[in-house]
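Heads up, work.txt below (compact mmCIF, C-alpha atoms and all ligand atoms):
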# COMPACT_ATOMS: atom_id res chain seq x y z
CA LEU A 1 -37.02 -3.14 33.73
CA ASN A 2 -40.52 -3.58 32.37
CA ALA A 3 -41.26 -0.09 31.10
CA ILE A 4 -43.39 0.62 28.05
CA LEU A 5 -42.27 3.07 25.39
CA LEU A 6 -44.93 4.67 23.21
CA ALA A 7 -43.54 5.66 19.83
CA MET A 8 -46.30 7.17 17.74
CA THR A 9 -47.07 9.92 15.31
CA GLY A 10 -50.55 11.17 14.50
CA MET A 11 -51.83 10.04 17.90
CA GLU A 12 -51.59 11.81 21.25
CA PRO A 13 -48.89 10.10 23.34
CA GLU A 14 -49.96 11.80 26.61
CA THR A 15 -53.49 10.45 26.27
CA TRP A 16 -52.04 7.03 25.60
CA VAL A 17 -49.80 7.18 28.67
CA ALA A 18 -52.86 7.98 30.79
CA ARG A 19 -54.91 5.24 29.14
CA LEU A 20 -52.28 2.56 29.84
CA LYS A 21 -51.59 3.82 33.38
CA ALA A 22 -55.31 3.61 34.12
CA LEU A 23 -55.10 -0.12 33.40
CA ASP A 24 -51.78 -0.68 35.20
CA PRO A 25 -51.06 2.23 37.60
CA ASP A 26 -47.64 0.93 38.68
CA ARG A 27 -46.37 0.57 35.13
CA ASP A 28 -43.62 2.88 33.97
CA VAL A 29 -45.01 4.26 30.68
CA ARG A 30 -42.91 6.68 28.65
CA ALA A 31 -43.62 8.56 25.45
CA TRP A 32 -40.89 9.01 22.86
CA PRO A 33 -38.65 11.06 22.78
CA GLU A 34 -38.63 10.91 26.64
CA VAL A 35 -37.06 7.45 26.59
CA GLY A 36 -35.03 7.77 29.80
CA ASN A 37 -32.72 4.81 30.32
CA PRO A 38 -33.31 2.71 27.18
CA GLN A 39 -32.31 -0.48 29.02
CA GLU A 40 -35.45 -0.21 31.14
CA ILE A 41 -37.78 -0.46 28.14
CA ALA A 42 -39.27 -3.94 27.78
CA TYR A 43 -42.12 -3.16 25.37
CA ALA A 44 -42.57 -0.70 22.55
CA MET A 45 -46.04 0.25 21.32
CA ALA A 46 -45.70 1.85 17.95
CA TRP A 47 -47.66 3.60 15.25
CA LYS A 48 -45.68 5.23 12.44
CA PRO A 49 -42.76 5.89 14.81
CA GLU A 50 -40.20 8.59 14.05
CA PRO A 51 -37.06 7.16 12.40
CA GLY A 52 -34.71 5.74 15.03
CA ALA A 53 -37.36 5.79 17.78
CA LEU A 54 -36.94 2.06 18.42
CA ASP A 55 -33.14 2.04 18.24
CA GLY A 56 -30.92 1.04 21.15
CA LEU A 57 -33.59 -0.67 23.28
CA SER A 58 -31.32 -3.50 24.36
CA ASN A 59 -33.79 -5.25 26.69
CA LEU A 60 -36.80 -5.00 24.44
CA LYS A 61 -39.06 -8.08 24.59
CA ALA A 62 -41.76 -7.19 22.08
CA VAL A 63 -43.02 -4.51 19.71
CA PHE A 64 -46.77 -3.98 19.59
CA SER A 65 -48.31 -2.44 16.51
CA LEU A 66 -51.20 -0.10 17.28
CA GLY A 67 -52.90 -1.25 14.09
CA ALA A 68 -53.97 -4.50 12.44
CA GLY A 69 -51.69 -3.95 9.44
CA VAL A 70 -47.95 -4.09 10.07
CA ASP A 71 -46.62 -3.17 6.63
CA ALA A 72 -45.42 0.27 7.77
CA LEU A 73 -43.64 -1.16 10.84
CA LEU A 74 -42.00 -3.95 8.86
CA ALA A 75 -40.67 -1.37 6.43
CA ILE A 76 -38.63 0.28 9.20
CA ASP A 77 -34.91 -0.14 8.74
CA GLY A 78 -33.49 -1.90 11.78
CA LEU A 79 -36.83 -2.84 13.37
CA PRO A 80 -35.75 -4.59 16.59
CA ASP A 81 -35.51 -8.36 16.21
CA VAL A 82 -38.14 -9.24 18.82
CA PRO A 83 -41.68 -10.58 18.37
CA LEU A 84 -43.94 -8.12 16.55
CA VAL A 85 -47.56 -8.27 17.70
CA ARG A 86 -50.48 -6.89 15.70
CA VAL A 87 -54.00 -5.89 16.70
CA VAL A 88 -56.81 -8.37 16.55
CA ASP A 89 -59.80 -6.91 18.29
CA PRO A 90 -63.50 -7.82 18.01
CA ASP A 91 -64.44 -4.12 18.04
CA LEU A 92 -62.18 -3.38 15.07
CA THR A 93 -63.38 -6.49 13.25
CA MET A 94 -67.01 -5.48 13.74
CA ARG A 95 -66.34 -2.03 12.33
CA MET A 96 -64.65 -3.44 9.25
CA SER A 97 -67.57 -5.77 8.64
CA GLU A 98 -69.88 -2.73 8.85
CA TYR A 99 -67.81 -1.03 6.16
CA VAL A 100 -67.86 -4.11 3.95
CA VAL A 101 -71.57 -4.84 4.36
CA LEU A 102 -72.41 -1.15 3.81
CA ASN A 103 -70.46 -0.97 0.59
CA VAL A 104 -71.55 -4.35 -0.76
CA LEU A 105 -75.20 -3.39 -0.21
CA LEU A 106 -74.65 0.05 -1.67
CA HIS A 107 -73.43 -1.37 -4.96
CA HIS A 108 -75.83 -4.29 -4.84
CA ARG A 109 -78.75 -1.83 -4.60
CA HIS A 110 -77.19 0.57 -7.17
CA MET A 111 -77.17 3.50 -4.75
CA LEU A 112 -74.78 5.58 -6.88
CA ARG A 113 -77.36 5.52 -9.68
CA ALA A 114 -80.21 6.14 -7.25
CA LEU A 115 -78.53 9.28 -5.94
CA ASP A 116 -77.97 10.48 -9.50
CA ASP A 117 -81.63 9.86 -10.26
CA GLN A 118 -82.66 11.75 -7.16
CA ARG A 119 -80.56 14.78 -8.05
CA ALA A 120 -82.10 14.76 -11.54
CA ARG A 121 -85.66 14.33 -10.12
CA ARG A 122 -85.89 11.12 -12.16
CA TRP A 123 -88.35 8.46 -10.96
CA GLU A 124 -86.98 5.38 -12.64
CA PRO A 125 -87.45 2.12 -10.77
CA ARG A 126 -84.88 -0.43 -11.90
CA ASP A 127 -84.42 -4.15 -11.35
CA GLN A 128 -83.20 -4.95 -7.85
CA PRO A 129 -81.51 -8.36 -8.02
CA ALA A 130 -81.73 -10.70 -5.02
CA ALA A 131 -78.65 -11.01 -2.84
CA SER A 132 -78.73 -14.72 -3.60
CA SER A 133 -78.01 -13.93 -7.24
CA VAL A 134 -74.91 -11.86 -6.41
CA ARG A 135 -71.47 -13.42 -5.92
CA VAL A 136 -69.05 -11.74 -3.53
CA GLY A 137 -65.37 -12.73 -3.56
CA ILE A 138 -63.12 -11.71 -0.68
CA LEU A 139 -59.35 -11.50 -1.11
CA GLY A 140 -57.95 -12.29 2.33
CA LEU A 141 -59.88 -14.67 4.56
CA GLY A 142 -58.21 -13.73 7.86
CA GLU A 143 -59.69 -12.05 10.95
CA LEU A 144 -61.42 -9.34 8.94
CA GLY A 145 -62.20 -11.19 5.72
CA LEU A 146 -63.77 -14.14 7.48
CA ASP A 147 -66.05 -12.04 9.68
CA ALA A 148 -67.23 -10.00 6.69
CA ALA A 149 -67.77 -13.24 4.75
CA ARG A 150 -69.95 -14.64 7.53
CA LYS A 151 -72.07 -11.50 7.73
CA LEU A 152 -72.55 -11.35 3.96
CA THR A 153 -73.48 -15.03 3.93
CA MET A 154 -76.16 -14.31 6.51
CA MET A 155 -77.58 -11.67 4.18
CA GLY A 156 -77.92 -14.24 1.43
CA PHE A 157 -74.99 -13.38 -0.85
CA GLN A 158 -72.99 -16.19 -2.46
CA VAL A 159 -69.67 -15.67 -0.72
CA ALA A 160 -66.22 -16.97 -1.60
CA GLY A 161 -62.84 -16.18 -0.07
CA TRP A 162 -59.22 -16.46 -1.11
CA SER A 163 -56.25 -16.99 1.20
CA ARG A 164 -52.64 -18.10 1.06
CA SER A 165 -53.24 -21.45 2.70
CA ALA A 166 -56.07 -23.89 1.99
CA LYS A 167 -59.09 -23.48 4.28
CA GLN A 168 -62.53 -24.92 4.84
CA ARG A 169 -65.19 -22.57 6.15
CA HIS A 170 -68.84 -23.51 6.51
CA GLY A 171 -71.04 -21.80 3.93
CA ILE A 172 -68.15 -20.06 2.17
CA ALA A 173 -66.50 -21.27 -1.04
CA THR A 174 -62.76 -21.18 -0.38
CA TYR A 175 -59.86 -20.80 -2.80
CA PHE A 176 -56.11 -20.47 -2.41
CA GLY A 177 -53.00 -19.99 -4.51
CA GLU A 178 -52.72 -18.61 -8.05
CA VAL A 179 -55.06 -21.11 -9.67
CA GLY A 180 -57.59 -20.56 -6.89
CA LEU A 181 -57.43 -16.81 -7.44
CA LYS A 182 -58.34 -17.13 -11.12
CA GLN A 183 -61.18 -19.48 -10.28
CA MET A 184 -62.59 -17.19 -7.63
CA LEU A 185 -62.36 -14.05 -9.76
CA GLY A 186 -64.32 -15.81 -12.50
CA ARG A 187 -67.27 -16.22 -10.10
CA THR A 188 -67.05 -12.77 -8.50
CA ASP A 189 -69.42 -9.84 -9.06
CA ILE A 190 -68.26 -7.82 -6.05
CA LEU A 191 -64.59 -8.10 -5.10
CA VAL A 192 -63.74 -7.18 -1.50
CA VAL A 193 -60.04 -6.73 -0.75
CA LEU A 194 -58.92 -7.36 2.83
CA LEU A 195 -55.37 -8.55 2.25
CA PRO A 196 -52.31 -7.36 4.15
CA LEU A 197 -49.73 -5.43 2.15
CA THR A 198 -46.73 -7.73 1.67
CA PRO A 199 -44.18 -8.27 -1.08
CA ALA A 200 -46.50 -10.96 -2.48
CA THR A 201 -49.63 -8.78 -2.53
CA THR A 202 -48.25 -5.38 -3.56
CA GLY A 203 -50.01 -4.20 -6.71
CA ILE A 204 -52.11 -7.36 -6.93
CA ILE A 205 -55.18 -5.37 -8.03
CA ASP A 206 -54.15 -4.66 -11.60
CA THR A 207 -55.63 -4.84 -15.09
CA VAL A 208 -55.14 -8.60 -15.37
CA LEU A 209 -56.90 -9.26 -12.07
CA LEU A 210 -59.77 -6.88 -12.82
CA ARG A 211 -60.32 -8.38 -16.26
CA GLY A 212 -60.59 -11.79 -14.60
CA LEU A 213 -63.76 -10.76 -12.74
CA ALA A 214 -67.12 -12.16 -13.83
CA ARG A 215 -68.92 -10.24 -16.58
CA ASP A 216 -72.15 -12.22 -16.53
CA GLY A 217 -73.39 -11.14 -13.11
CA ALA A 218 -76.69 -9.68 -11.96
CA LEU A 219 -75.24 -6.19 -11.37
CA GLY A 220 -74.26 -5.52 -14.98
CA GLY A 221 -70.53 -5.42 -14.26
CA PRO A 222 -68.05 -6.13 -11.49
CA VAL A 223 -67.41 -3.89 -8.49
CA LEU A 224 -64.20 -3.38 -6.47
CA ILE A 225 -64.14 -2.64 -2.74
CA ASN A 226 -60.66 -2.12 -1.25
CA ALA A 227 -60.30 -1.66 2.49
CA GLY A 228 -56.96 -3.47 2.83
CA ARG A 229 -54.11 -1.16 1.85
CA GLY A 230 -53.63 1.31 -0.99
CA GLY A 231 -50.43 -0.40 -2.10
CA LEU A 232 -52.49 -3.44 -3.10
CA GLN A 233 -53.97 -1.51 -6.02
CA ASN A 234 -52.35 -0.21 -9.18
CA GLU A 235 -54.33 3.03 -9.25
CA ALA A 236 -53.79 3.75 -12.95
CA ASP A 237 -55.15 0.28 -13.73
CA VAL A 238 -58.17 0.78 -11.46
CA LEU A 239 -58.97 4.11 -13.13
CA ALA A 240 -58.58 2.63 -16.61
CA ALA A 241 -60.86 -0.26 -15.61
CA LEU A 242 -63.53 2.17 -14.39
CA ASP A 243 -63.29 4.21 -17.56
CA ASP A 244 -63.36 1.32 -20.05
CA GLY A 245 -66.20 -0.49 -18.28
CA THR A 246 -64.11 -3.37 -16.90
CA LEU A 247 -65.39 -2.17 -13.54
CA LEU A 248 -68.90 -0.90 -12.91
CA ALA A 249 -67.90 0.98 -9.75
CA ALA A 250 -65.52 1.01 -6.79
CA SER A 251 -65.41 1.85 -3.08
CA LEU A 252 -61.91 2.76 -2.00
CA ASP A 253 -60.96 3.36 1.62
CA VAL A 254 -57.20 3.14 1.11
CA PHE A 255 -54.79 4.69 -1.36
CA VAL A 256 -51.16 4.49 -2.43
CA THR A 257 -50.65 8.03 -1.11
CA GLU A 258 -52.59 9.08 2.00
CA PRO A 259 -54.04 11.63 2.44
CA LEU A 260 -55.31 11.20 -1.12
CA PRO A 261 -53.76 14.09 -3.09
CA GLU A 262 -56.19 16.80 -4.17
CA SER A 263 -55.19 16.10 -7.78
CA SER A 264 -56.36 12.46 -7.64
CA PRO A 265 -59.08 11.67 -10.22
CA PHE A 266 -60.70 9.36 -7.64
CA TRP A 267 -62.12 12.36 -5.73
CA THR A 268 -64.57 13.31 -8.44
CA HIS A 269 -64.96 10.06 -10.32
CA PRO A 270 -68.71 9.41 -10.72
CA LYS A 271 -68.26 5.66 -10.21
CA VAL A 272 -66.10 5.86 -7.09
CA ILE A 273 -66.84 6.20 -3.40
CA VAL A 274 -63.83 7.56 -1.53
CA THR A 275 -63.47 7.27 2.25
CA PRO A 276 -60.37 8.46 4.15
CA HIS A 277 -59.01 5.17 5.55
CA VAL A 278 -61.76 4.81 8.13
CA GLY A 279 -62.87 1.28 7.26
CA ALA A 280 -62.08 0.16 10.78
CA ASP A 281 -60.84 2.70 13.27
CA SER A 282 -59.73 1.22 16.56
CA ASP A 283 -61.53 2.22 19.74
CA PRO A 284 -58.55 3.47 21.80
CA GLU A 285 -59.95 2.10 25.06
CA ALA A 286 -60.47 -1.36 23.57
CA LEU A 287 -57.02 -1.19 22.00
CA ALA A 288 -55.38 -0.22 25.31
CA ARG A 289 -57.11 -3.14 27.08
CA TYR A 290 -55.90 -5.48 24.34
CA LEU A 291 -52.29 -4.25 24.61
CA MET A 292 -52.09 -4.35 28.41
CA GLY A 293 -53.80 -7.76 28.34
CA GLN A 294 -51.03 -9.03 26.06
CA VAL A 295 -48.33 -7.60 28.36
CA HIS A 296 -49.93 -9.08 31.48
CA ARG A 297 -50.37 -12.53 29.92
CA PHE A 298 -46.80 -12.43 28.61
CA GLU A 299 -45.48 -11.58 32.07
CA ALA A 300 -47.55 -14.42 33.55
CA GLY A 301 -45.68 -16.76 31.20
CA GLU A 302 -48.58 -17.35 28.80
CA GLY A 303 -46.83 -16.04 25.71
CA LEU A 304 -47.91 -13.54 23.09
CA THR A 305 -50.75 -13.98 20.60
CA ASN A 306 -51.18 -12.53 17.10
CA VAL A 307 -47.45 -12.48 16.49
CA VAL A 308 -46.54 -11.49 12.95
CA ASP A 309 -44.72 -13.93 10.69
CA ARG A 310 -41.95 -11.66 9.47
CA THR A 311 -41.07 -13.84 6.52
CA ALA A 312 -44.64 -13.81 5.20
CA GLY A 313 -44.93 -10.12 6.09
CA TYR A 314 -48.22 -10.30 8.01
N1 LIG B 401 -58.99 0.22 6.12
C1 LIG B 401 -58.82 0.07 7.39
O1 LIG B 401 -59.24 0.91 8.19
C2 LIG B 401 -58.11 -1.16 7.91
C3 LIG B 401 -58.23 -1.47 9.27
C4 LIG B 401 -57.63 -2.63 9.74
C5 LIG B 401 -56.91 -3.46 8.88
N2 LIG B 401 -56.80 -3.12 7.57
C6 LIG B 401 -56.06 -4.01 6.65
O2 LIG B 401 -56.66 -5.28 6.60
C7 LIG B 401 -55.64 -6.26 6.49
C8 LIG B 401 -56.15 -7.63 6.89
O3 LIG B 401 -56.33 -7.69 8.28
P1 LIG B 401 -56.62 -9.08 9.03
O4 LIG B 401 -56.65 -8.80 10.49
O5 LIG B 401 -57.79 -9.77 8.43
O6 LIG B 401 -55.30 -9.90 8.64
P2 LIG B 401 -55.03 -11.47 8.79
O7 LIG B 401 -55.89 -12.06 9.84
O8 LIG B 401 -53.56 -11.63 8.89
O9 LIG B 401 -55.54 -12.06 7.40
C9 LIG B 401 -54.88 -11.88 6.20
C10 LIG B 401 -55.50 -12.79 5.14
O10 LIG B 401 -54.85 -12.53 3.89
C11 LIG B 401 -54.37 -13.76 3.37
N3 LIG B 401 -53.14 -13.55 2.60
C12 LIG B 401 -51.98 -12.93 2.98
N4 LIG B 401 -51.07 -12.97 2.00
C13 LIG B 401 -51.65 -13.63 0.97
C14 LIG B 401 -51.22 -14.01 -0.32
N5 LIG B 401 -49.99 -13.72 -0.76
N6 LIG B 401 -52.08 -14.68 -1.10
C15 LIG B 401 -53.32 -15.01 -0.68
N7 LIG B 401 -53.79 -14.67 0.55
C16 LIG B 401 -52.97 -14.00 1.35
C17 LIG B 401 -54.09 -14.63 4.57
O11 LIG B 401 -54.02 -15.99 4.18
P3 LIG B 401 -53.84 -17.18 5.26
O12 LIG B 401 -55.17 -17.27 5.97
O13 LIG B 401 -53.57 -18.38 4.43
O14 LIG B 401 -52.72 -16.77 6.17
C18 LIG B 401 -55.28 -14.28 5.46
O15 LIG B 401 -56.41 -15.01 5.07
C19 LIG B 401 -54.54 -5.70 7.38
O16 LIG B 401 -53.27 -6.23 7.03
C20 LIG B 401 -54.62 -4.21 7.09
O17 LIG B 401 -53.74 -3.88 6.02
C21 LIG B 401 -57.39 -2.00 7.07
Would you mind writing the file's structure down as structure tokens?
Ligand SMILES: NC(=O)c1ccc[n+]([C@@H]2O[C@H](COP(=O)([O-])OP(=O)(O)OC[C@H]3O[C@@H](n4cnc5c(N)ncnc54)[C@H](OP(=O)(O)O)[C@@H]3O)[C@@H](O)[C@H]2O)c1
Amino acid sequence: LNAILLAMTGMEPETWVARLKALDPDRDVRAWPEVGNPQEIAYAMAWKPEPGALDGLSNLKAVFSLGAGVDALLAIDGLPDVPLVRVVDPDLTMRMSEYVVLNVLLHHRHMLRALDDQRARRWEPRDQPAASSVRVGILGLGELGLDAARKLTMMGFQVAGWSRSAKQRHGIATYFGEVGLKQMLGRTDILVVLLPLTPATTGIIDTVLLRGLARDGALGGPVLINAGRGGLQNEADVLAALDDGTLLAASLDVFVTEPLPESSPFWTHPKVIVTPHVGADSDPEALARYLMGQVHRFEAGEGLTNVVDRTAGY
């Protein structure tokens, strides 16, 4: 009665069965569609499950997302009404901070222009502003946003962060709510987006938001870095902002439609760096240890951690 059902697409279920069994050899681990007796399934571990894959599991105790973002799972019609647990893993967090620091530095040091200069055999040293003169604003000051904020602070950037609830974090200027958002944008040269995709955040990166960014910064214009979810950005607005100079440049790891369609103007836009949703891949071994750790602690009566607030949507 404590079997695990893996319901995933785009990942190899057999490898995952082996990975979980290696950590708990006596555990009954099944991969959809080989559900067997559905009453024996206590836990579902899911990543973009096939429609109906989680139906009829009458003794289900929890659903575990195999990713940090749960927007796709929450969008499932009839998602079982049991606790939904998301991934919080230091390995994943570290990788996201790498992505953020890499892209902040890249724009801070004008690498797009430097590569252009190189291709044109143009030796043109330009001003390199100090990190301490550059203001980074992070939308989303959760597990990922806070770690990135700390690392950027260590590098000398002036870092601020925006969240839903009020927070105090040493060395980071914090903002919350609508008024806080406006205030933070007005002091932001590089905007890093690490929000979850929820009804409240869908399409938040639009013309109004982008026009609220600081125009008096050391970089010569504001920069957008989105590694949250594609649905956070209005892509027509982002393109217009790049073309009319509202934005100096952008790094986009996530898109409304993934894979990014071949016809997307982002692919060849000279001011854009496109990566294929690799901001923070999960190390499967670390993820498996995290998931089995949650199951074991739950069965020892310690409860689940990182449970999603379904009303808030993250
Ligand atoms: N590109 C990739 O490869 C990749 C990999 C992993 C994750 N992600 C994305 O990154 C997102 C963030 O992950 P996380 O682990 O940092 O999530 P988290 O710990 O839940 O943090 C989310 C942050 O966003 C804030 N927030 C949520 N709704 C808001 C709203 N309406 N207004 C203002 N702030 C709001 C939260 O505010 P409070 O602190 O007040 O709750 C919190 O600070 C995930 O949801 C996922 O979509 C992307």
**Request:** Rounded to one decimal place, report the CA of Gly67 in chain A-CA of Leu181 in chain A distance in Å.
**Result:**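 A separation of 26.9 Å between them.
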**Request:** Just the residues within 9 Å of range 310-314 of chain A, please, counting only C-alpha atoms, with nothing from its chain fewer than 5 positions along; format it as an MDAnalysis selection string.
**Result:** chainID A and resid 69:71 74 83:84 86 196:200
**Asked** Once you count all atoms listed in the file, which residues end up within 6 Å of ligand LIG 401 (chain B), and could you hand them over as number ranges by chain?
**Response** A: 68-69, 140-145, 162-165, 194-197, 200-201, 227-229, 253, 277-281, 314
Closest-contact table, range 24-114 of chain A side, partner range 205-222 of chain A, 10 Å, counting all atoms listed in the file, as a Markdown table:
| residue | atom | partner | partner_atom | distance |
| --- | --- | --- | --- | --- |
| A:His107 | CA | A:Leu219 | CA | 8.2 |
| A:His108 | CA | A:Leu219 | CA | 6.8 |
| A:Arg109 | CA | A:Leu219 | CA | 8.8 |
| A:His110 | CA | A:Leu219 | CA | 8.2 |
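The nearest approach to Tyr99 in chain A among the residues A:Asp309, A:Asp147, A:Asp116, A:Asp283, with only C-alpha atoms taken into account, belongs to A:Asp147.
The shortest atom-to-atom distance to Leu23 in chain A, with all atoms listed in the file taken into account, belongs to A:Leu287 out of A:Asn306, A:Leu287, A:His269, A:Pro259.
Using all atoms listed in the file, the nearest neighbour of Gly293 in chain A within the list A:Thr15, A:Arg169, A:Asp89, A:Leu57 is A:Asp89.
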**Message:** If I take CA of Lys61 in chain A and CA of Ala31 in chain A, how far is one from the other in Å, to one decimal?
**Reply:**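 Answer for the CA of Lys61 in chain A to CA of Ala31 in chain A separation: 17.3 Å.
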**Item:** Given only C-alpha atoms as the counted atoms, nearest of A:Arg150, A:His296, A:Arg113, A:Arg126 to Gly171 in chain A
**Value:**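 Among the listed residues, the smallest separation from Gly171 in chain A belongs to A:Arg150.
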**Prompt:** So which one's closest to Lys151 in chain A, A:His170, A:Ser97, A:Leu112, A:Thr202? Using only C-alpha atoms, please.
**Reply:**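 Of A:His170, A:Ser97, A:Leu112, A:Thr202, the one nearest Lys151 in chain A is A:Ser97, counting only C-alpha atoms.
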With all atoms of range 243-251 of chain A from the file as input, state the centre and edge lengths in Å to one decimal of the axis-aligned box that has 4 Å extra on each side, as AutoDock Vina command-line options.
--center_x -66.1 --center_y 0.4 --center_z -11.6 --size_x 13.6 --size_y 15.6 --size_z 25.0
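Counting all atoms listed in the file and comparing A:Ala288, A:Ala148, A:Ile138, A:Val192, the residue that lies closest to Phe176 in chain A is A:Ile138.
CA of Gly230 in chain A lies 20.4 Å from CA of Val136 in chain A.
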Select from range 83-128 of chain A every residue with an atom at most 12 Å from any atom of range 187-190 of chain A, then for each give the shortest pair of atoms and their distance in Å to one decimal, using all atoms listed in the file, rows by chain and rising number, as a Markdown table.
| residue | atom | partner | partner_atom | distance |
| --- | --- | --- | --- | --- |
| A:Val100 | CA | A:Ile190 | CA | 10.7 |
| A:Val101 | CA | A:Ile190 | CA | 11.3 |
| A:Asn103 | CA | A:Ile190 | CA | 9.8 |
| A:Val104 | CA | A:Ile190 | CA | 7.1 |
| A:Leu105 | CA | A:Ile190 | CA | 10.1 |
| A:Leu106 | CA | A:Ile190 | CA | 11.0 |
| A:His107 | CA | A:Ile190 | CA | 8.3 |
| A:His108 | CA | A:Ile190 | CA | 8.4 |
Name all residues at most 6 Å from Val29 in chain A (count only C-alpha atoms; drop same-chain ones fewer than 3 positions away) and give them as a PDB file with C-alpha atoms, keeping the file's coordinate frame.
ATOM      1  CA  ALA A   3     -41.260  -0.090  31.100  1.00  0.00           C
ATOM      2  CA  ILE A   4     -43.390   0.620  28.050  1.00  0.00           C
ATOM      3  CA  VAL A  17     -49.800   7.180  28.670  1.00  0.00           C
TER       4      VAL A  17
END
**Request:** Quick one: everything within 12 Å of Glu50 in chain A, counting all atoms listed in the file, minus sequence neighbours fewer than 3 positions away in the same chain. Send it as a list in words.
**Result:**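 Everything that qualifies: Leu6, Ala7, Met8, Thr9, Gly10, Ala31, Trp32, Pro33, Ala46, Trp47, Ala53, Leu54, Asp55, Ala72, Leu73, Ile76, Asp77 and Leu79 of chain A.
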Any chance you can output those residues with C-alpha atoms as an mmCIF file, keeping the file's coordinate frame?
data_model
loop_
_atom_site.group_PDB
_atom_site.id
_atom_site.type_symbol
_atom_site.label_atom_id
_atom_site.label_comp_id
_atom_site.auth_asym_id
_atom_site.auth_seq_id
_atom_site.Cartn_x
_atom_site.Cartn_y
_atom_site.Cartn_z
ATOM 1 C CA LEU A 6 -44.930 4.670 23.210
ATOM 2 C CA ALA A 7 -43.540 5.660 19.830
ATOM 3 C CA MET A 8 -46.300 7.170 17.740
ATOM 4 C CA THR A 9 -47.070 9.920 15.310
ATOM 5 C CA GLY A 10 -50.550 11.170 14.500
ATOM 6 C CA ALA A 31 -43.620 8.560 25.450
ATOM 7 C CA TRP A 32 -40.890 9.010 22.860
ATOM 8 C CA PRO A 33 -38.650 11.060 22.780
ATOM 9 C CA ALA A 46 -45.700 1.850 17.950
ATOM 10 C CA TRP A 47 -47.660 3.600 15.250
ATOM 11 C CA ALA A 53 -37.360 5.790 17.780
ATOM 12 C CA LEU A 54 -36.940 2.060 18.420
ATOM 13 C CA ASP A 55 -33.140 2.040 18.240
ATOM 14 C CA ALA A 72 -45.420 0.270 7.770
ATOM 15 C CA LEU A 73 -43.640 -1.160 10.840
ATOM 16 C CA ILE A 76 -38.630 0.280 9.200
ATOM 17 C CA ASP A 77 -34.910 -0.140 8.740
ATOM 18 C CA LEU A 79 -36.830 -2.840 13.370
#
Can you fill out range 141-151 of chain A with N, CA, C and O atoms and hand it back as a PDB file, in the coordinates of the input?
ATOM      1  N   LEU A 141     -58.859 -14.030   3.732  1.00  0.00           N
ATOM      2  CA  LEU A 141     -59.880 -14.670   4.560  1.00  0.00           C
ATOM      3  C   LEU A 141     -59.316 -14.846   5.978  1.00  0.00           C
ATOM      4  O   LEU A 141     -59.357 -15.908   6.555  1.00  0.00           O
ATOM      5  N   GLY A 142     -58.774 -13.727   6.507  1.00  0.00           N
ATOM      6  CA  GLY A 142     -58.210 -13.730   7.860  1.00  0.00           C
ATOM      7  C   GLY A 142     -59.255 -13.230   8.851  1.00  0.00           C
ATOM      8  O   GLY A 142     -60.453 -13.432   8.666  1.00  0.00           O
ATOM      9  N   GLU A 143     -58.793 -12.562   9.901  1.00  0.00           N
ATOM     10  CA  GLU A 143     -59.690 -12.050  10.950  1.00  0.00           C
ATOM     11  C   GLU A 143     -60.809 -11.212  10.346  1.00  0.00           C
ATOM     12  O   GLU A 143     -61.980 -11.383  10.668  1.00  0.00           O
ATOM     13  N   LEU A 144     -60.437 -10.285   9.480  1.00  0.00           N
ATOM     14  CA  LEU A 144     -61.420  -9.340   8.940  1.00  0.00           C
ATOM     15  C   LEU A 144     -62.218  -9.973   7.801  1.00  0.00           C
ATOM     16  O   LEU A 144     -63.442  -9.870   7.766  1.00  0.00           O
ATOM     17  N   GLY A 145     -61.515 -10.608   6.873  1.00  0.00           N
ATOM     18  CA  GLY A 145     -62.200 -11.190   5.720  1.00  0.00           C
ATOM     19  C   GLY A 145     -63.215 -12.236   6.119  1.00  0.00           C
ATOM     20  O   GLY A 145     -64.328 -12.274   5.584  1.00  0.00           O
ATOM     21  N   LEU A 146     -62.871 -13.062   7.085  1.00  0.00           N
ATOM     22  CA  LEU A 146     -63.770 -14.140   7.480  1.00  0.00           C
ATOM     23  C   LEU A 146     -65.025 -13.608   8.150  1.00  0.00           C
ATOM     24  O   LEU A 146     -66.140 -14.071   7.889  1.00  0.00           O
ATOM     25  N   ASP A 147     -64.869 -12.602   8.998  1.00  0.00           N
ATOM     26  CA  ASP A 147     -66.050 -12.040   9.680  1.00  0.00           C
ATOM     27  C   ASP A 147     -66.986 -11.382   8.662  1.00  0.00           C
ATOM     28  O   ASP A 147     -68.201 -11.574   8.712  1.00  0.00           O
ATOM     29  N   ALA A 148     -66.403 -10.633   7.733  1.00  0.00           N
ATOM     30  CA  ALA A 148     -67.230 -10.000   6.690  1.00  0.00           C
ATOM     31  C   ALA A 148     -67.924 -11.077   5.864  1.00  0.00           C
ATOM     32  O   ALA A 148     -69.111 -10.959   5.527  1.00  0.00           O
ATOM     33  N   ALA A 149     -67.194 -12.141   5.551  1.00  0.00           N
ATOM     34  CA  ALA A 149     -67.770 -13.240   4.750  1.00  0.00           C
ATOM     35  C   ALA A 149     -68.984 -13.836   5.459  1.00  0.00           C
ATOM     36  O   ALA A 149     -70.027 -14.075   4.854  1.00  0.00           O
ATOM     37  N   ARG A 150     -68.844 -14.034   6.766  1.00  0.00           N
ATOM     38  CA  ARG A 150     -69.950 -14.640   7.530  1.00  0.00           C
ATOM     39  C   ARG A 150     -71.172 -13.737   7.504  1.00  0.00           C
ATOM     40  O   ARG A 150     -72.302 -14.183   7.344  1.00  0.00           O
ATOM     41  N   LYS A 151     -70.938 -12.432   7.671  1.00  0.00           N
ATOM     42  CA  LYS A 151     -72.070 -11.500   7.730  1.00  0.00           C
ATOM     43  C   LYS A 151     -72.762 -11.391   6.364  1.00  0.00           C
ATOM     44  O   LYS A 151     -73.981 -11.316   6.285  1.00  0.00           O
TER      45      LYS A 151
END
